[in-house]
Each structure stands twice: as C-alpha cells, then as structure tokens.
>>> print(open('work17.cif').read())   # mmCIF, C-alpha atoms
data_query
loop_
_atom_site.label_atom_id
_atom_site.label_comp_id
_atom_site.auth_asym_id
_atom_site.auth_seq_id
_atom_site.Cartn_x
_atom_site.Cartn_y
_atom_site.Cartn_z
CA MET A 1 151.31 58.06 -3.19
CA TRP A 2 152.52 56.73 0.11
CA GLN A 3 154.82 53.94 1.20
CA TYR A 4 154.20 52.04 4.37
CA GLU A 5 156.96 51.43 6.89
CA LYS A 6 156.24 48.53 9.16
CA LYS A 7 156.92 50.32 12.41
CA LEU A 8 155.35 52.87 14.73
CA GLN A 9 156.82 56.37 14.89
CA TYR A 10 157.26 55.89 18.64
CA PRO A 11 156.88 52.56 20.46
CA VAL A 12 153.57 51.54 22.05
CA LYS A 13 153.92 48.68 24.51
CA ILE A 14 151.11 48.47 27.03
CA THR A 15 151.17 45.84 29.77
CA ASN A 16 147.70 46.15 31.28
CA PRO A 17 144.50 46.28 29.21
CA ASN A 18 142.10 48.97 30.43
CA PRO A 19 138.85 49.50 28.50
CA LYS A 20 138.06 52.61 30.54
CA TYR A 21 141.19 54.33 29.24
CA ALA A 22 140.55 53.00 25.71
CA GLN A 23 137.18 54.76 25.67
CA ILE A 24 138.71 58.20 26.29
CA LEU A 25 141.87 57.64 24.22
CA ILE A 26 139.82 56.77 21.15
CA SER A 27 138.89 60.45 20.88
CA GLN A 28 142.38 61.12 19.54
CA PHE A 29 141.52 58.70 16.71
CA GLY A 30 137.96 59.69 15.76
CA GLY A 31 137.23 62.75 17.90
CA PRO A 32 136.94 66.43 16.87
CA ASP A 33 140.64 67.15 17.45
CA GLY A 34 141.98 63.67 16.81
CA GLU A 35 144.68 62.43 14.47
CA LEU A 36 142.29 61.27 11.74
CA ALA A 37 140.85 64.79 11.51
CA ALA A 38 144.38 66.24 11.56
CA SER A 39 145.65 64.14 8.67
CA MET A 40 142.50 64.68 6.57
CA ARG A 41 142.59 68.44 7.24
CA TYR A 42 146.20 68.97 6.15
CA LEU A 43 146.25 66.52 3.27
CA SER A 44 143.01 68.01 1.87
CA GLN A 45 144.23 71.62 2.19
CA ARG A 46 147.29 70.97 0.01
CA TYR A 47 145.54 71.27 -3.34
CA SER A 48 144.46 74.89 -2.98
CA MET A 49 147.66 75.99 -1.23
CA PRO A 50 149.41 78.39 -3.62
CA TYR A 51 152.96 78.24 -2.22
CA ASP A 52 155.36 75.36 -2.67
CA GLU A 53 156.78 75.36 0.85
CA LEU A 54 153.27 75.34 2.30
CA LYS A 55 152.33 72.38 0.10
CA GLY A 56 155.45 70.77 1.56
CA ILE A 57 154.65 71.41 5.21
CA LEU A 58 151.02 70.26 4.77
CA THR A 59 152.20 67.07 3.05
CA ASP A 60 154.83 66.31 5.68
CA ILE A 61 152.74 67.12 8.76
CA GLY A 62 149.65 65.45 7.24
CA THR A 63 151.73 62.33 6.68
CA GLU A 64 153.10 62.41 10.23
CA GLU A 65 149.53 62.64 11.53
CA LEU A 66 148.76 59.33 9.80
CA ALA A 67 151.60 57.82 11.83
CA HIS A 68 150.13 59.35 15.01
CA MET A 69 146.74 57.88 14.15
CA GLU A 70 148.40 54.48 13.94
CA MET A 71 149.96 54.95 17.38
CA ILE A 72 146.60 55.90 18.93
CA CYS A 73 144.92 52.91 17.29
CA ALA A 74 147.70 50.63 18.56
CA MET A 75 147.09 51.95 22.08
CA VAL A 76 143.32 51.42 21.87
CA HIS A 77 143.90 47.94 20.46
CA GLN A 78 146.32 46.94 23.21
CA LEU A 79 144.05 48.36 25.93
CA THR A 80 141.10 46.22 24.77
CA ARG A 81 142.85 42.87 24.44
CA ASN A 82 141.63 39.69 26.17
CA LEU A 83 138.82 41.34 28.12
CA SER A 84 136.45 39.24 30.20
CA LYS A 85 132.69 39.77 30.04
CA ASP A 86 132.87 41.23 33.53
CA GLU A 87 135.56 43.77 32.55
CA ILE A 88 133.58 44.80 29.47
CA VAL A 89 130.37 45.40 31.41
CA ARG A 90 131.93 47.01 34.50
CA SER A 91 134.00 49.52 32.50
CA GLY A 92 131.06 50.65 30.38
CA PHE A 93 132.83 49.32 27.28
CA ASP A 94 129.75 47.18 26.54
CA LYS A 95 128.07 50.00 24.59
CA TYR A 96 130.99 50.17 22.16
CA PHE A 97 131.53 46.40 22.17
CA VAL A 98 128.00 45.61 21.04
CA ASP A 99 128.56 47.48 17.75
CA HIS A 100 132.29 47.05 17.12
CA THR A 101 133.48 44.15 19.32
CA ALA A 102 137.16 44.97 20.05
CA ALA A 103 137.78 46.53 16.63
CA VAL A 104 139.09 50.11 16.44
CA TYR A 105 136.38 52.38 14.98
CA PRO A 106 136.78 56.18 14.67
CA ILE A 107 134.56 57.75 17.29
CA ALA A 108 134.92 60.50 19.88
CA ALA A 109 135.00 59.72 23.61
CA SER A 110 131.33 60.71 23.67
CA GLY A 111 130.54 57.95 21.17
CA LEU A 112 129.91 60.30 18.24
CA PRO A 113 131.32 58.81 15.00
CA TRP A 114 134.01 60.77 13.14
CA ARG A 115 132.62 63.59 10.97
CA ALA A 116 134.14 65.69 8.20
CA GLU A 117 132.67 68.75 9.95
CA TYR A 118 135.61 68.51 12.36
CA ILE A 119 137.95 69.85 9.70
CA GLY A 120 138.19 73.18 7.90
CA VAL A 121 139.39 73.32 4.30
CA LYS A 122 138.63 76.84 3.13
CA GLY A 123 140.95 77.45 0.18
CA ASP A 124 142.43 80.62 1.68
CA VAL A 125 146.03 80.67 2.94
CA ILE A 126 145.40 82.79 6.04
CA THR A 127 142.19 80.99 6.97
CA ASP A 128 143.61 77.49 6.51
CA LEU A 129 146.86 78.18 8.37
CA HIS A 130 144.97 79.67 11.31
CA GLU A 131 142.66 76.65 11.29
CA ASP A 132 145.77 74.45 11.45
CA MET A 133 147.38 76.37 14.31
CA GLY A 134 144.11 76.24 16.25
CA ALA A 135 143.79 72.53 15.50
CA GLU A 136 147.27 71.81 16.88
CA GLN A 137 146.46 73.66 20.11
CA LYS A 138 143.12 71.86 20.45
CA ALA A 139 144.89 68.54 20.01
CA ARG A 140 147.50 69.61 22.58
CA THR A 141 144.73 70.46 25.07
CA THR A 142 143.13 67.06 24.46
CA TYR A 143 146.47 65.36 25.19
CA ASP A 144 146.76 67.48 28.35
CA ASN A 145 143.31 66.28 29.42
CA LEU A 146 144.20 62.65 28.71
CA LEU A 147 147.38 63.05 30.77
CA ARG A 148 145.24 64.46 33.60
CA LEU A 149 143.03 61.37 33.53
CA ILE A 150 145.48 58.54 32.83
CA ASP A 151 148.02 57.27 35.40
CA ASP A 152 149.52 54.28 33.57
CA PRO A 153 153.13 55.14 32.52
CA ASP A 154 152.90 52.73 29.53
CA ILE A 155 150.21 55.05 28.10
CA ARG A 156 151.56 58.36 29.38
CA ASP A 157 154.94 57.93 27.68
CA PRO A 158 153.65 57.80 24.05
CA LEU A 159 151.00 60.44 24.92
CA LYS A 160 153.73 62.84 26.02
CA PHE A 161 155.56 62.24 22.75
CA LEU A 162 152.38 63.00 20.78
CA ARG A 163 151.69 66.11 22.84
CA GLN A 164 155.16 67.44 22.01
CA ARG A 165 154.57 66.87 18.32
CA GLU A 166 151.49 69.12 18.43
CA ILE A 167 153.66 71.92 19.80
CA VAL A 168 156.30 71.46 17.07
CA HIS A 169 153.61 71.42 14.37
CA TYR A 170 152.06 74.58 15.80
CA GLN A 171 155.49 76.22 15.62
CA ARG A 172 156.01 75.21 11.97
CA PHE A 173 152.52 76.37 10.93
CA GLY A 174 153.14 79.65 12.75
CA GLU A 175 156.39 80.20 10.84
CA ALA A 176 154.63 79.36 7.57
CA GLN A 177 151.89 81.83 8.38
CA GLN A 178 154.34 84.61 9.30
CA THR A 179 156.54 84.26 6.24
CA ARG A 180 153.68 84.08 3.78
CA CYS A 181 150.90 86.16 5.27
CA ASN A 182 152.70 89.10 6.85
CA ASP A 183 155.03 90.44 4.19
CA ASN A 184 152.66 90.76 1.26
CA GLY A 185 149.65 92.32 2.88
CA GLY A 186 147.83 89.04 3.08
CA ALA A 187 148.30 86.09 0.81
CA ALA A 188 144.61 85.76 0.16
CA ASP A 189 145.00 87.50 -3.18
CA LYS A 190 146.92 84.52 -4.52
CA THR A 191 145.08 81.33 -5.30
CA ALA A 192 146.44 78.03 -6.56
CA MET B 1 171.17 43.23 19.67
CA ALA B 2 168.73 43.74 16.77
CA TYR B 3 166.18 45.63 18.85
CA LYS B 4 168.69 48.13 20.22
CA LEU B 5 170.15 48.84 16.78
CA ALA B 6 166.67 49.19 15.26
CA ARG B 7 165.69 51.66 17.98
CA CYS B 8 168.81 53.65 17.18
CA ILE B 9 167.83 53.75 13.47
CA HIS B 10 164.31 54.84 14.49
CA ALA B 11 165.83 57.71 16.47
CA TYR B 12 167.70 58.82 13.34
CA ASP B 13 164.49 58.46 11.29
CA PHE B 14 162.78 60.80 13.73
CA ALA B 15 165.63 63.33 13.70
CA ILE B 16 165.62 63.33 9.86
CA LEU B 17 161.84 63.86 9.81
CA GLU B 18 162.15 66.69 12.31
CA MET B 19 164.88 68.36 10.23
CA GLY B 20 162.60 67.99 7.20
CA LEU B 21 159.74 69.88 8.90
CA TYR B 22 162.17 72.60 9.95
CA LEU B 23 163.52 72.88 6.40
CA ASP B 24 159.97 73.22 5.05
CA THR B 25 159.77 76.60 6.76
CA HIS B 26 163.52 77.40 6.57
CA PRO B 27 164.42 76.12 3.08
CA CYS B 28 167.52 78.33 2.80
CA ASP B 29 169.14 77.30 6.09
CA THR B 30 172.30 75.68 4.74
CA SER B 31 173.55 74.52 8.15
CA ALA B 32 170.25 72.67 8.69
CA LEU B 33 170.60 71.11 5.23
CA GLN B 34 174.13 70.02 6.13
CA LYS B 35 172.93 68.59 9.46
CA ARG B 36 170.18 66.63 7.74
CA GLN B 37 172.71 65.23 5.27
CA GLU B 38 174.95 64.10 8.15
CA LEU B 39 172.02 62.42 9.90
CA GLN B 40 171.10 60.68 6.65
CA GLU B 41 174.66 59.36 6.22
CA ARG B 42 174.84 58.09 9.79
CA ARG B 43 171.47 56.40 9.38
CA SER B 44 172.62 54.68 6.17
CA ALA B 45 175.68 53.35 7.98
CA LEU B 46 173.51 51.95 10.80
CA VAL B 47 171.12 50.33 8.32
CA ALA B 48 174.11 48.70 6.57
CA GLU B 49 175.32 47.41 9.94
CA TYR B 50 171.84 46.12 10.78
CA GLU B 51 171.49 44.32 7.45
CA SER B 52 174.91 42.70 7.69
CA LYS B 53 174.05 41.33 11.14
CA TYR B 54 170.31 40.65 11.10
CA GLY B 55 169.04 40.66 7.51
CA PRO B 56 166.81 43.11 5.65
CA TYR B 57 165.80 46.25 7.56
CA ILE B 58 162.83 47.20 5.39
CA VAL B 59 160.67 44.57 3.79
CA THR B 60 161.09 44.78 0.03
CA ASP B 61 161.21 42.33 -2.83
CA LYS B 62 164.50 41.00 -1.54
CA ASP B 63 162.59 39.59 1.42
CA VAL B 64 160.98 36.87 -0.60
CA ARG B 65 162.75 33.80 0.70
CA GLY B 66 161.95 30.61 -1.11
CA ASP B 67 158.19 30.35 -1.34
CA GLU B 68 157.53 32.77 1.49
CA TRP B 69 156.21 36.33 1.06
CA LYS B 70 157.61 37.72 4.30
CA TRP B 71 155.82 41.06 4.10
CA VAL B 72 152.65 39.54 5.52
CA CYS B 73 154.42 37.87 8.46
CA GLY B 74 153.66 39.39 11.84
CA PRO B 75 154.09 40.79 14.30
CA TRP B 76 152.66 44.01 12.88
CA PRO B 77 153.65 47.32 14.49
CA TRP B 78 150.66 47.43 16.85
CA GLU B 79 151.30 43.92 18.19
CA TYR B 80 154.10 44.63 20.63
CA GLU B 81 152.14 44.87 23.86
CA ARG B 82 154.30 43.85 26.78
CA GLY B 83 154.27 40.20 27.74
CA ASN B 84 153.14 38.68 24.44
CA GLY B 85 156.65 37.49 23.53
CA ASN B 86 157.07 39.72 20.48
CA VAL B 87 160.35 41.62 20.38
CA ALA B 88 159.90 45.06 18.91
CA VAL B 89 161.94 46.04 15.88
#
>>> encode(input="work17.cif", output="structure tokens")
Amino acid sequence: MWQYEKKLQYPVKITNPNPKYAQILISQFGGPDGELAASMRYLSQRYSMPYDELKGILTDIGTEELAHMEMICAMVHQLTRNLSKDEIVRSGFDKYFVDHTAAVYPIAASGLPWRAEYIGVKGDVITDLHEDMGAEQKARTTYDNLLRLIDDPDIRDPLKFLRQREIVHYQRFGEAQQTRCNDNGGAADKTA
Amino acid sequence: MAYKLARCIHAYDFAILEMGLYLDTHPCDTSALQKRQELQERRSALVAEYESKYGPYIVTDKDVRGDEWKWVCGPWPWEYERGNGNVAV
C-alpha cells in the first residue's frame, strides 16, 4: 500500500501561465518517457524480480516516480490557470482544451494518449534492468530538450531537479545490474 | 517561520530518501546506514520543533479539530503558484 504525504517532493511555484509550455511539458506526464510510464514500469516489474534488493530499488524508485508525476502535473496545472479565450486559441491549446478543458490528462506532446506499450516488463532480470537504464536516459534526454525550449526560471528550476533524479536512478539501476548480472554468468537462470 | 522550517524538514526527507536508494544497492555499507540514522534523528528533532510551534506536521487523526476534518482543507500541494496568496508548507 501507499501513504500520501501532502507535499511535493520539490516545490513548484509558477508565476506566469503559459499554455505553450504546458503542451510540451505534459509529455513528461503521459508521453513515452514520462513519469507515469516510469512509475508503472518499475512498480510492475517488481513481482517477477527474483532478488530482494532489486525488489527494493524498483519499489523505491517507482514510488519516487509517482512523486515526480505529481510535480509535472502541478506544473501543467499552474501553466494553464486563468487563460483567456484569446490565449487558448493563439497558443494552440484549443485542441487540447476542447476535449479536456484545463484538466490534466496523460498525453504526449504530440497529443497521443498514454499507452502501456511505452513500458517494458519482460520478467528477466537483465532485460528489465537494461530497459530501466535506457528509460532513465530517455527521460533525461526529454528533460534536456524541455530545458532547451523553456526559458522561464520558475519552470527550469524544478525541471533541473527532475533531470538530476534521472541520472541518480540510472546510477542505482546500473549498480543493481552489475552486482546481480555480472558475477553469476547472467541472472536470467533465476526466476521469482 | 513555519515555511522555512518545513522546507528544512523537506530537505531532510529528500536526503533520507536518497540514502535509502543508495542503501538499496549498497545494503552492507554501515557508514551509510549510520548517516541515514543521523539524518532521521535530526529530522525527528525538527518535526518536534515544528509541531511545538505550528501544530501538526503531517495530517493524521490528531488533526480532527472539533467538527472539522482538516485533511480535506486546501491548499493542496499543486496549489502554490506564485501570487495566489497560499504560503507553501
């Protein structure tokens, strides 16, 4: 089970709404390398993971990804507050608005709704850990791209925090992979 | 000030979480275990200070005051955009 703490992992306080930015940021909620995919990937992989410490790292990182999803959603929410009709139409936000108003729905920047195909849950230690390391780097690249496109410091600050977390998670998955998959000739012979 | 103290507790929360991830892949690192324990103790002291000055830090059953179920009272964590008058905790 989970317990909710009524706080964000890192503060999100945005002064200026900007529906243009919201439309690209939302990819880190419902896009192929977003936080929803990350949490579902790790939390789903736990059940077939044969080693206790790997169940632990998947649980802890999967849980942290839920907190990152909440930060991204808070950013999208704050960027789409109090918009005028003119702002909605001019920014191209009208295509999202017509279906979801200013609610936060999991889609990619392209408009594609979230899909389970974004995640890999293969039931093999080596395969799943490599999936996870790749996923962290893909998320890091996406944050790099967002930081290339977004100038507002209120958004950049939490984005930089999230980008750093991808690097730490990559490191932890890499250590998990090395300790479990190198010294026994491949852990694939052990199943949960 | 409540906000400053809460931010300080959040920083400890983050450090404890980070030590936890490290310990997941280094479960036998006794100095890391010790460090995590120290962080946990310092956090507990800050939470005690916060509660003595400003009331409950985490909403639990003890937050029912009179007829009010305070858990549902905003602002919620995503409602701290600048300029709306909410002070972040």
>>> interface_residues(input="work17.cif", of="chain A", to="chain B", cutoff="6 Å", atoms="all atoms listed in the file", output="number ranges by chain")
A: 7-8, 13-15, 53, 57, 74, 176
>>> resolve_selection(input="work17.cif", expression="the PyMOL selection byres ((chain B and resi 44) around 12)", output="list in words")
Cys8, Ile9, His10, Tyr12, Asp13, Ile16, Gln37, Glu38, Leu39, Gln40, Glu41, Arg42, Arg43, Ala45, Leu46, Val47, Ala48, Glu49, Tyr50, Glu51 and Tyr57 of chain B
>>> resolve_selection(input="work17.cif", expression="the PyMOL selection byres ((chain A and resi 40-49) around 6)", output="PyMOL selection string")
chain A and resi 37-39+50-51+55+58-59+62+119+121+123+192
>>> atom_distance(input="work17.cif", atom1="CA of Lys95 in chain A", atom2="CA of Ala116 in chain A")
23.5 Å
>>> axis_aligned_box(input="work17.cif", around="range 12-21 of chain A", padding_each_side="4 Å", output="AutoDock Vina command-line options")
--center_x 146.0 --center_y 50.1 --center_z 26.7 --size_x 23.9 --size_y 16.5 --size_z 17.2
>>> atom_distance(input="work17.cif", atom1="CA of Asp52 in chain A", atom2="CA of Phe173 in chain A")
13.9 Å
>>> residues_near_point(input="work17.cif", point="(141.1, 59.2, 23.7)", cutoff="9 Å", atoms="all atoms listed in the file", output="list in words")
Tyr21, Ala22, Gln23, Ile24, Leu25, Ile26, Ser27, Gln28, Phe29, Gly30, Gly31, Gly34, Ile72, Val76, Ala108, Ala109, Thr142, Tyr143 and Leu146 of chain A
>>> atom_distance(input="work17.cif", atom1="CA of Phe97 in chain A", atom2="CA of Arg115 in chain A")
20.5 Å
>>> closest_residue(input="work17.cif", among="A:Met1, A:Ala139, A:Leu149, A:Cys181", to="Gln164 in chain A", atoms="all atoms listed in the file")
A:Ala139
>>> decode(input="work17.cif", residues="range 156-183 of chain A", atoms="N, CA and C atoms", output="PDB file, in the first residue's frame")
ATOM      1  N   ARG A 156      12.184  26.025 -15.139  1.00  0.00           N
ATOM      2  CA  ARG A 156      13.503  25.388 -15.301  1.00  0.00           C
ATOM      3  C   ARG A 156      14.036  24.805 -13.994  1.00  0.00           C
ATOM      4  N   ASP A 157      13.760  25.492 -12.878  1.00  0.00           N
ATOM      5  CA  ASP A 157      14.306  25.047 -11.597  1.00  0.00           C
ATOM      6  C   ASP A 157      13.807  23.637 -11.231  1.00  0.00           C
ATOM      7  N   PRO A 158      12.486  23.390 -11.165  1.00  0.00           N
ATOM      8  CA  PRO A 158      12.056  22.003 -10.889  1.00  0.00           C
ATOM      9  C   PRO A 158      12.445  21.023 -11.993  1.00  0.00           C
ATOM     10  N   LEU A 159      12.539  21.474 -13.256  1.00  0.00           N
ATOM     11  CA  LEU A 159      12.954  20.566 -14.335  1.00  0.00           C
ATOM     12  C   LEU A 159      14.393  20.093 -14.129  1.00  0.00           C
ATOM     13  N   LYS A 160      15.245  21.013 -13.658  1.00  0.00           N
ATOM     14  CA  LYS A 160      16.640  20.624 -13.409  1.00  0.00           C
ATOM     15  C   LYS A 160      16.729  19.615 -12.277  1.00  0.00           C
ATOM     16  N   PHE A 161      15.897  19.801 -11.252  1.00  0.00           N
ATOM     17  CA  PHE A 161      15.849  18.811 -10.170  1.00  0.00           C
ATOM     18  C   PHE A 161      15.461  17.438 -10.736  1.00  0.00           C
ATOM     19  N   LEU A 162      14.406  17.411 -11.551  1.00  0.00           N
ATOM     20  CA  LEU A 162      13.920  16.132 -12.090  1.00  0.00           C
ATOM     21  C   LEU A 162      14.959  15.490 -13.002  1.00  0.00           C
ATOM     22  N   ARG A 163      15.647  16.305 -13.773  1.00  0.00           N
ATOM     23  CA  ARG A 163      16.697  15.785 -14.657  1.00  0.00           C
ATOM     24  C   ARG A 163      17.793  15.092 -13.831  1.00  0.00           C
ATOM     25  N   GLN A 164      18.165  15.727 -12.721  1.00  0.00           N
ATOM     26  CA  GLN A 164      19.206  15.121 -11.868  1.00  0.00           C
ATOM     27  C   GLN A 164      18.754  13.785 -11.291  1.00  0.00           C
ATOM     28  N   ARG A 165      17.481  13.685 -10.969  1.00  0.00           N
ATOM     29  CA  ARG A 165      16.974  12.432 -10.407  1.00  0.00           C
ATOM     30  C   ARG A 165      17.099  11.283 -11.408  1.00  0.00           C
ATOM     31  N   GLU A 166      16.902  11.583 -12.699  1.00  0.00           N
ATOM     32  CA  GLU A 166      17.050  10.533 -13.725  1.00  0.00           C
ATOM     33  C   GLU A 166      18.473   9.981 -13.698  1.00  0.00           C
ATOM     34  N   ILE A 167      19.437  10.875 -13.511  1.00  0.00           N
ATOM     35  CA  ILE A 167      20.839  10.453 -13.514  1.00  0.00           C
ATOM     36  C   ILE A 167      21.138   9.578 -12.289  1.00  0.00           C
ATOM     37  N   VAL A 168      20.607   9.972 -11.133  1.00  0.00           N
ATOM     38  CA  VAL A 168      20.803   9.164  -9.915  1.00  0.00           C
ATOM     39  C   VAL A 168      20.145   7.791 -10.075  1.00  0.00           C
ATOM     40  N   HIS A 169      18.934   7.761 -10.636  1.00  0.00           N
ATOM     41  CA  HIS A 169      18.248   6.478 -10.821  1.00  0.00           C
ATOM     42  C   HIS A 169      19.021   5.581 -11.794  1.00  0.00           C
ATOM     43  N   TYR A 170      19.544   6.186 -12.848  1.00  0.00           N
ATOM     44  CA  TYR A 170      20.357   5.425 -13.808  1.00  0.00           C
ATOM     45  C   TYR A 170      21.543   4.776 -13.087  1.00  0.00           C
ATOM     46  N   GLN A 171      22.186   5.569 -12.235  1.00  0.00           N
ATOM     47  CA  GLN A 171      23.329   5.077 -11.459  1.00  0.00           C
ATOM     48  C   GLN A 171      22.929   3.878 -10.597  1.00  0.00           C
ATOM     49  N   ARG A 172      21.817   4.001  -9.877  1.00  0.00           N
ATOM     50  CA  ARG A 172      21.374   2.922  -8.977  1.00  0.00           C
ATOM     51  C   ARG A 172      21.006   1.664  -9.770  1.00  0.00           C
ATOM     52  N   PHE A 173      20.302   1.828 -10.899  1.00  0.00           N
ATOM     53  CA  PHE A 173      19.959   0.661 -11.719  1.00  0.00           C
ATOM     54  C   PHE A 173      21.223   0.007 -12.279  1.00  0.00           C
ATOM     55  N   GLY A 174      22.207   0.839 -12.634  1.00  0.00           N
ATOM     56  CA  GLY A 174      23.468   0.316 -13.154  1.00  0.00           C
ATOM     57  C   GLY A 174      24.192  -0.520 -12.101  1.00  0.00           C
ATOM     58  N   GLU A 175      24.200  -0.026 -10.858  1.00  0.00           N
ATOM     59  CA  GLU A 175      24.835  -0.784  -9.772  1.00  0.00           C
ATOM     60  C   GLU A 175      24.094  -2.105  -9.544  1.00  0.00           C
ATOM     61  N   ALA A 176      22.769  -2.041  -9.593  1.00  0.00           N
ATOM     62  CA  ALA A 176      21.955  -3.246  -9.390  1.00  0.00           C
ATOM     63  C   ALA A 176      22.277  -4.267 -10.475  1.00  0.00           C
ATOM     64  N   GLN A 177      22.383  -3.788 -11.682  1.00  0.00           N
ATOM     65  CA  GLN A 177      22.656  -4.647 -12.821  1.00  0.00           C
ATOM     66  C   GLN A 177      24.039  -5.286 -12.698  1.00  0.00           C
ATOM     67  N   GLN A 178      25.033  -4.487 -12.281  1.00  0.00           N
ATOM     68  CA  GLN A 178      26.399  -5.004 -12.170  1.00  0.00           C
ATOM     69  C   GLN A 178      26.522  -6.045 -11.078  1.00  0.00           C
ATOM     70  N   THR A 179      25.907  -5.777  -9.916  1.00  0.00           N
ATOM     71  CA  THR A 179      26.080  -6.716  -8.808  1.00  0.00           C
ATOM     72  C   THR A 179      25.340  -8.018  -9.076  1.00  0.00           C
ATOM     73  N   ARG A 180      24.217  -7.959  -9.762  1.00  0.00           N
ATOM     74  CA  ARG A 180      23.421  -9.168  -9.922  1.00  0.00           C
ATOM     75  C   ARG A 180      23.637  -9.904 -11.239  1.00  0.00           C
ATOM     76  N   CYS A 181      24.054  -9.188 -12.262  1.00  0.00           N
ATOM     77  CA  CYS A 181      24.087  -9.818 -13.588  1.00  0.00           C
ATOM     78  C   CYS A 181      25.495 -10.126 -14.070  1.00  0.00           C
ATOM     79  N   ASN A 182      26.530  -9.664 -13.354  1.00  0.00           N
ATOM     80  CA  ASN A 182      27.880  -9.900 -13.831  1.00  0.00           C
ATOM     81  C   ASN A 182      28.552 -11.090 -13.154  1.00  0.00           C
ATOM     82  N   ASP A 183      28.246 -11.295 -11.857  1.00  0.00           N
ATOM     83  CA  ASP A 183      29.044 -12.248 -11.106  1.00  0.00           C
ATOM     84  C   ASP A 183      28.486 -13.680 -11.144  1.00  0.00           C
TER      85      ASP A 183
END
